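Notes follow once the structure below has been shown.
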Amino acid sequence: MHSVIRDIRLVAFDLDGTLIDSVPDLAVAVDAALEDQGVAPVGEARVRDWVGNGSWRLIERALGEALAHPAGEEALKACHARFLVHYRASPVGRTRLYPGVREALDGLIADGRALALITNKPEAFIAPILEHFSLEDCFGLCLGGDSLEKKKPHPAPLLHAAAHFGVAPEACLMVGDSRHDIEAGKRAGFRTLAVPYGYNHGEPVSDSRPDAVVESLSELV
């Protein structure tokens with residue numbers, strides 16, 4: 001067992017970039033939405049740098065890049081709506097589970113830890129993705145970016161999860177791939193753990209000074 005998990009009763013996981021590599025499917029939906037608006041696609045590499053702040057911010061970045069200037073509110077609304085249509089049609093066609101994820105989740109559950117999923121992805125997409133990977137029974141609580149008034153890096157979703165399980169923040173661990181996950185964890189009083197393989201806007205997640213970094217989540221158990 002990794003030392004960061006010692007005395008932890010609740011483990012909260014980010015989704016995109018932490019448990020799954022969803023960028024291939026997100027990029028297809030982003031580019032299709034841009035093409036619906038009559039502008040050029042931006043490609044998977046750029047989308048990989050923009051994931052993590054929710055779908056609205058993703059489209060804001062992509063449309064701004066495609067137009068070479070900030071997009072207006074109506075254009076953003078239209079493009080975001082088309083993105084949701086395209087992504088809903090195929091959220092897991094190219095998405096993969098990172099190595100070590102299933103072993104980590106199974107091991108933590110067997111050890112009696114409560115698990116929560118806290119993502120900035122719209123809540124409607126969580127269940128289909130978890131079901132595709134047969135992970136729907138792993139989490140006692142799932143929160144999307146639109147589940148509460150605030151989303152990461154605000155600590156509110158994490159504190160909501162702690163309260164839901166009746167666990168003090170100091171007995172909780174936030175696991176993620178980005179500075180937003182680590183910031184949210186620190187602000188909530190959680191212990192923090194980072195994985196370096198996800199999406200952090202091109203920056204090393206270790207720069208956010210998490211309590212620990214693991215190359216694979218299997219190191220937790």
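Labels used: A, B, ... for chains in the order of the structure tokens, numbers from 1 for residues in each chain, and numbers from 1 for ligands as shown.
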
Excluding Lys150 of chain A and any residue of its chain fewer than 3 positions from it, enumerate the residues within 12 Å of it, using only C-alpha atoms, and give them as a PDB file with C-alpha atoms, in the first residue's frame.
```
ATOM      1  CA  ASN A  53     -12.133  22.844 -17.254  1.00  0.00           C
ATOM      2  CA  GLY A  54     -15.396  21.460 -18.589  1.00  0.00           C
ATOM      3  CA  ILE A 118     -15.459  14.110  -9.299  1.00  0.00           C
ATOM      4  CA  THR A 119     -15.084  15.371 -12.857  1.00  0.00           C
ATOM      5  CA  ASN A 120     -15.703  18.624 -14.711  1.00  0.00           C
ATOM      6  CA  LEU A 143     -20.334  14.429  -9.602  1.00  0.00           C
ATOM      7  CA  GLY A 144     -20.041  16.162 -12.962  1.00  0.00           C
ATOM      8  CA  GLY A 145     -19.104  19.728 -13.729  1.00  0.00           C
ATOM      9  CA  ASP A 146     -22.784  20.684 -13.785  1.00  0.00           C
ATOM     10  CA  SER A 147     -23.888  18.658 -10.738  1.00  0.00           C
ATOM     11  CA  PRO A 153     -10.728  23.891  -8.867  1.00  0.00           C
ATOM     12  CA  HIS A 154     -13.339  25.144  -6.398  1.00  0.00           C
ATOM     13  CA  PRO A 155     -13.344  22.839  -3.364  1.00  0.00           C
ATOM     14  CA  ALA A 156     -17.159  22.607  -3.181  1.00  0.00           C
ATOM     15  CA  PRO A 157     -17.523  19.264  -5.030  1.00  0.00           C
ATOM     16  CA  LEU A 158     -14.878  17.660  -2.839  1.00  0.00           C
ATOM     17  CA  LEU A 159     -16.409  18.968   0.367  1.00  0.00           C
ATOM     18  CA  HIS A 160     -19.814  17.785  -0.855  1.00  0.00           C
ATOM     19  CA  ALA A 184      -9.277  21.676  -5.377  1.00  0.00           C
TER      20      ALA A 184
END
```

Practice task
Might you pull out every residue within 8 Å of segment 3-13 of chain A, with only C-alpha atoms counted and same-chain residues fewer than 2 positions away left off, and present them as JSON, numbers by chain?
Solution key: {"A": [1, 15, 18, 19, 112, 113, 114, 115, 116, 117, 118, 119, 158, 162, 165, 167, 170, 171, 172, 173, 174, 175, 176, 191, 193, 211, 212, 220]}

Residues of the last selection are to be written out with C-alpha atoms, as a PDB file, in the first residue's frame.
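Saved as again.pdb:
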```
ATOM      1  CA  MET A   1       0.000   0.000   0.000  1.00  0.00           C
ATOM      2  CA  LEU A  15     -12.032  11.022 -14.710  1.00  0.00           C
ATOM      3  CA  THR A  18      -6.763  10.139 -14.648  1.00  0.00           C
ATOM      4  CA  LEU A  19      -8.897   7.038 -15.205  1.00  0.00           C
ATOM      5  CA  GLY A 112     -12.960  -0.956   2.457  1.00  0.00           C
ATOM      6  CA  ARG A 113     -12.316   2.530   1.059  1.00  0.00           C
ATOM      7  CA  ALA A 114     -15.224   4.619  -0.181  1.00  0.00           C
ATOM      8  CA  LEU A 115     -14.753   5.927  -3.734  1.00  0.00           C
ATOM      9  CA  ALA A 116     -16.144   9.040  -5.409  1.00  0.00           C
ATOM     10  CA  LEU A 117     -15.820  10.333  -8.955  1.00  0.00           C
ATOM     11  CA  ILE A 118     -15.459  14.110  -9.299  1.00  0.00           C
ATOM     12  CA  THR A 119     -15.084  15.371 -12.857  1.00  0.00           C
ATOM     13  CA  LEU A 158     -14.878  17.660  -2.839  1.00  0.00           C
ATOM     14  CA  ALA A 162     -16.774  14.264   2.082  1.00  0.00           C
ATOM     15  CA  PHE A 165     -19.848   9.910   3.046  1.00  0.00           C
ATOM     16  CA  VAL A 167     -15.730  11.567   6.264  1.00  0.00           C
ATOM     17  CA  GLU A 170      -8.261  15.132   6.361  1.00  0.00           C
ATOM     18  CA  ALA A 171      -9.248  11.474   5.843  1.00  0.00           C
ATOM     19  CA  CYS A 172      -9.904  12.049   2.115  1.00  0.00           C
ATOM     20  CA  LEU A 173      -7.604  11.810  -0.895  1.00  0.00           C
ATOM     21  CA  MET A 174      -8.055  13.622  -4.223  1.00  0.00           C
ATOM     22  CA  VAL A 175      -6.487  11.813  -7.193  1.00  0.00           C
ATOM     23  CA  GLY A 176      -6.076  13.683 -10.460  1.00  0.00           C
ATOM     24  CA  ARG A 191      -4.526  14.834   0.765  1.00  0.00           C
ATOM     25  CA  LEU A 193      -2.107  12.478  -5.395  1.00  0.00           C
ATOM     26  CA  ASP A 211       1.467  15.152  -1.690  1.00  0.00           C
ATOM     27  CA  ALA A 212       2.544  12.301  -3.958  1.00  0.00           C
ATOM     28  CA  LEU A 220      -1.861   2.617  -4.570  1.00  0.00           C
TER      29      LEU A 220
END
```

Practice task
Enumerate, as a PyMOL selection string, the complete set of residues in segment 18-106 of chain A that a backbone-based DSSP assignment places in helix (DSSP H, G or I).
Solution key: chain A and resi 23-36+44-50+55-67+73-89+101-106

Those residues with C-alpha atoms, as a short mmCIF file (atom, residue, chain, number, x, y, z; two decimals), in the first residue's frame please?
```cif
data_model
loop_
_atom_site.label_atom_id
_atom_site.label_comp_id
_atom_site.auth_asym_id
_atom_site.auth_seq_id
_atom_site.Cartn_x
_atom_site.Cartn_y
_atom_site.Cartn_z
CA VAL A 23 -9.15 12.96 -25.79
CA PRO A 24 -9.50 10.93 -29.02
CA ASP A 25 -13.30 10.97 -28.72
CA LEU A 26 -13.41 14.55 -27.44
CA ALA A 27 -11.26 15.73 -30.35
CA VAL A 28 -13.52 14.05 -32.92
CA ALA A 29 -16.57 15.75 -31.39
CA VAL A 30 -14.81 19.13 -31.14
CA ASP A 31 -13.67 19.04 -34.75
CA ALA A 32 -17.10 17.95 -35.96
CA ALA A 33 -18.70 20.84 -34.05
CA LEU A 34 -16.23 23.31 -35.54
CA GLU A 35 -16.89 22.02 -39.03
CA ASP A 36 -20.63 22.45 -38.38
CA GLU A 44 -6.33 16.02 -31.28
CA ALA A 45 -2.99 17.46 -30.15
CA ARG A 46 -4.48 20.87 -29.41
CA VAL A 47 -7.53 19.41 -27.69
CA ARG A 48 -5.23 17.41 -25.42
CA ASP A 49 -3.88 20.71 -24.03
CA TRP A 50 -7.35 22.17 -23.42
CA SER A 55 -16.94 21.28 -22.05
CA TRP A 56 -17.85 24.97 -22.33
CA ARG A 57 -14.27 26.08 -21.73
CA LEU A 58 -13.02 23.40 -24.13
CA ILE A 59 -15.22 24.74 -26.92
CA GLU A 60 -14.35 28.33 -26.04
CA ARG A 61 -10.67 27.52 -26.52
CA ALA A 62 -11.19 25.49 -29.67
CA LEU A 63 -13.48 27.98 -31.40
CA GLY A 64 -11.23 30.88 -30.44
CA GLU A 65 -8.26 29.03 -31.93
CA ALA A 66 -10.14 28.19 -35.12
CA LEU A 67 -11.37 31.76 -35.57
CA GLU A 73 -21.61 34.23 -26.96
CA GLU A 74 -24.07 33.07 -29.62
CA ALA A 75 -21.37 31.35 -31.67
CA LEU A 76 -20.13 29.61 -28.52
CA LYS A 77 -23.61 28.43 -27.60
CA ALA A 78 -24.18 27.03 -31.08
CA CYS A 79 -20.82 25.30 -31.24
CA HIS A 80 -21.13 23.89 -27.72
CA ALA A 81 -24.58 22.50 -28.51
CA ARG A 82 -23.21 20.75 -31.60
CA PHE A 83 -20.27 19.39 -29.60
CA LEU A 84 -22.66 17.82 -27.09
CA VAL A 85 -24.62 16.20 -29.92
CA HIS A 86 -21.50 14.72 -31.50
CA TYR A 87 -19.92 13.61 -28.23
CA ARG A 88 -23.15 12.05 -26.98
CA ALA A 89 -23.30 10.00 -30.19
CA VAL A 101 -6.95 1.70 -13.08
CA ARG A 102 -9.05 -1.41 -12.65
CA GLU A 103 -6.53 -2.96 -10.26
CA ALA A 104 -6.48 0.20 -8.17
CA LEU A 105 -10.25 0.55 -7.94
CA ASP A 106 -10.78 -3.13 -7.15
#
```

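Residue nearest Leu148 of chain A within the list A:Pro122, A:Arg96, A:Ala163, A:Pro210: A:Pro122 [criterion: smallest interatomic distance, only C-alpha atoms].
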
Practice task
as a ChimeraX atom specification, please: all residues of chain A that backbone DSSP puts in strand (DSSP E or B).
Solution key: /A:10-13,16,20-21,96-97,114-118,141-143,172-176,191-194,212-213

Just to be explicit: take each residue in the selection above, keep N, CA and C atoms, and write the result as a PDB file, in the first residue's frame.
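result_32.pdb was written with the following content:
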```
ATOM      1  N   LEU A  10     -11.807   7.931   2.263  1.00  0.00           N
ATOM      2  CA  LEU A  10     -12.498   8.255   1.014  1.00  0.00           C
ATOM      3  C   LEU A  10     -11.482   8.679  -0.036  1.00  0.00           C
ATOM      4  N   VAL A  11     -11.546   8.049  -1.200  1.00  0.00           N
ATOM      5  CA  VAL A  11     -10.675   8.415  -2.318  1.00  0.00           C
ATOM      6  C   VAL A  11     -11.547   8.970  -3.438  1.00  0.00           C
ATOM      7  N   ALA A  12     -11.283  10.212  -3.816  1.00  0.00           N
ATOM      8  CA  ALA A  12     -12.021  10.871  -4.902  1.00  0.00           C
ATOM      9  C   ALA A  12     -11.134  10.902  -6.141  1.00  0.00           C
ATOM     10  N   PHE A  13     -11.683  10.461  -7.259  1.00  0.00           N
ATOM     11  CA  PHE A  13     -10.934  10.404  -8.508  1.00  0.00           C
ATOM     12  C   PHE A  13     -11.478  11.386  -9.529  1.00  0.00           C
ATOM     13  N   ASP A  16     -11.283  12.234 -16.691  1.00  0.00           N
ATOM     14  CA  ASP A  16     -10.496  12.420 -17.909  1.00  0.00           C
ATOM     15  C   ASP A  16      -9.032  12.687 -17.587  1.00  0.00           C
ATOM     16  N   ILE A  20      -9.330   7.614 -17.519  1.00  0.00           N
ATOM     17  CA  ILE A  20      -9.496   7.323 -18.948  1.00  0.00           C
ATOM     18  C   ILE A  20      -8.764   8.346 -19.809  1.00  0.00           C
ATOM     19  N   ASP A  21      -8.305   7.884 -20.972  1.00  0.00           N
ATOM     20  CA  ASP A  21      -7.804   8.787 -22.005  1.00  0.00           C
ATOM     21  C   ASP A  21      -8.954   9.016 -22.971  1.00  0.00           C
ATOM     22  N   ARG A  96      -9.952   4.981 -23.914  1.00  0.00           N
ATOM     23  CA  ARG A  96      -9.394   3.779 -23.293  1.00  0.00           C
ATOM     24  C   ARG A  96      -9.171   4.008 -21.808  1.00  0.00           C
ATOM     25  N   LEU A  97      -9.194   2.920 -21.075  1.00  0.00           N
ATOM     26  CA  LEU A  97      -8.889   2.935 -19.647  1.00  0.00           C
ATOM     27  C   LEU A  97      -7.374   2.881 -19.488  1.00  0.00           C
ATOM     28  N   ALA A 114     -14.140   4.049   0.617  1.00  0.00           N
ATOM     29  CA  ALA A 114     -15.224   4.619  -0.181  1.00  0.00           C
ATOM     30  C   ALA A 114     -14.607   5.346  -1.372  1.00  0.00           C
ATOM     31  N   LEU A 115     -15.267   5.284  -2.521  1.00  0.00           N
ATOM     32  CA  LEU A 115     -14.753   5.927  -3.734  1.00  0.00           C
ATOM     33  C   LEU A 115     -15.785   6.893  -4.297  1.00  0.00           C
ATOM     34  N   ALA A 116     -15.307   8.046  -4.743  1.00  0.00           N
ATOM     35  CA  ALA A 116     -16.144   9.040  -5.409  1.00  0.00           C
ATOM     36  C   ALA A 116     -15.496   9.424  -6.728  1.00  0.00           C
ATOM     37  N   LEU A 117     -16.312   9.827  -7.681  1.00  0.00           N
ATOM     38  CA  LEU A 117     -15.820  10.333  -8.955  1.00  0.00           C
ATOM     39  C   LEU A 117     -16.204  11.799  -9.036  1.00  0.00           C
ATOM     40  N   ILE A 118     -15.205  12.669  -9.226  1.00  0.00           N
ATOM     41  CA  ILE A 118     -15.459  14.110  -9.299  1.00  0.00           C
ATOM     42  C   ILE A 118     -14.786  14.643 -10.560  1.00  0.00           C
ATOM     43  N   LEU A 141     -20.540   7.810  -5.236  1.00  0.00           N
ATOM     44  CA  LEU A 141     -21.019   9.144  -5.617  1.00  0.00           C
ATOM     45  C   LEU A 141     -20.288   9.570  -6.874  1.00  0.00           C
ATOM     46  N   CYS A 142     -21.026  10.117  -7.851  1.00  0.00           N
ATOM     47  CA  CYS A 142     -20.430  10.659  -9.070  1.00  0.00           C
ATOM     48  C   CYS A 142     -20.921  12.093  -9.255  1.00  0.00           C
ATOM     49  N   LEU A 143     -19.997  13.021  -9.396  1.00  0.00           N
ATOM     50  CA  LEU A 143     -20.334  14.429  -9.602  1.00  0.00           C
ATOM     51  C   LEU A 143     -19.714  14.918 -10.897  1.00  0.00           C
ATOM     52  N   CYS A 172      -9.544  12.196   3.531  1.00  0.00           N
ATOM     53  CA  CYS A 172      -9.904  12.049   2.115  1.00  0.00           C
ATOM     54  C   CYS A 172      -8.678  12.297   1.234  1.00  0.00           C
ATOM     55  N   LEU A 173      -8.675  11.661   0.088  1.00  0.00           N
ATOM     56  CA  LEU A 173      -7.604  11.810  -0.895  1.00  0.00           C
ATOM     57  C   LEU A 173      -8.206  12.188  -2.239  1.00  0.00           C
ATOM     58  N   MET A 174      -7.664  13.235  -2.871  1.00  0.00           N
ATOM     59  CA  MET A 174      -8.055  13.622  -4.223  1.00  0.00           C
ATOM     60  C   MET A 174      -6.999  13.136  -5.192  1.00  0.00           C
ATOM     61  N   VAL A 175      -7.405  12.372  -6.201  1.00  0.00           N
ATOM     62  CA  VAL A 175      -6.487  11.813  -7.193  1.00  0.00           C
ATOM     63  C   VAL A 175      -6.804  12.425  -8.549  1.00  0.00           C
ATOM     64  N   GLY A 176      -5.828  13.057  -9.171  1.00  0.00           N
ATOM     65  CA  GLY A 176      -6.076  13.683 -10.460  1.00  0.00           C
ATOM     66  C   GLY A 176      -4.821  13.872 -11.277  1.00  0.00           C
ATOM     67  N   ARG A 191      -5.840  15.235   1.236  1.00  0.00           N
ATOM     68  CA  ARG A 191      -4.526  14.834   0.765  1.00  0.00           C
ATOM     69  C   ARG A 191      -4.607  14.767  -0.760  1.00  0.00           C
ATOM     70  N   THR A 192      -3.504  14.944  -1.474  1.00  0.00           N
ATOM     71  CA  THR A 192      -3.553  14.982  -2.936  1.00  0.00           C
ATOM     72  C   THR A 192      -2.536  14.029  -3.556  1.00  0.00           C
ATOM     73  N   LEU A 193      -2.958  13.404  -4.645  1.00  0.00           N
ATOM     74  CA  LEU A 193      -2.107  12.478  -5.395  1.00  0.00           C
ATOM     75  C   LEU A 193      -2.278  12.785  -6.876  1.00  0.00           C
ATOM     76  N   ALA A 194      -1.171  12.844  -7.601  1.00  0.00           N
ATOM     77  CA  ALA A 194      -1.216  13.165  -9.026  1.00  0.00           C
ATOM     78  C   ALA A 194      -0.651  12.026  -9.858  1.00  0.00           C
ATOM     79  N   ALA A 212       1.832  13.421  -3.350  1.00  0.00           N
ATOM     80  CA  ALA A 212       2.544  12.301  -3.958  1.00  0.00           C
ATOM     81  C   ALA A 212       2.213  12.236  -5.442  1.00  0.00           C
ATOM     82  N   VAL A 213       3.101  11.585  -6.205  1.00  0.00           N
ATOM     83  CA  VAL A 213       2.894  11.326  -7.622  1.00  0.00           C
ATOM     84  C   VAL A 213       3.157   9.852  -7.868  1.00  0.00           C
TER      85      VAL A 213
END
```
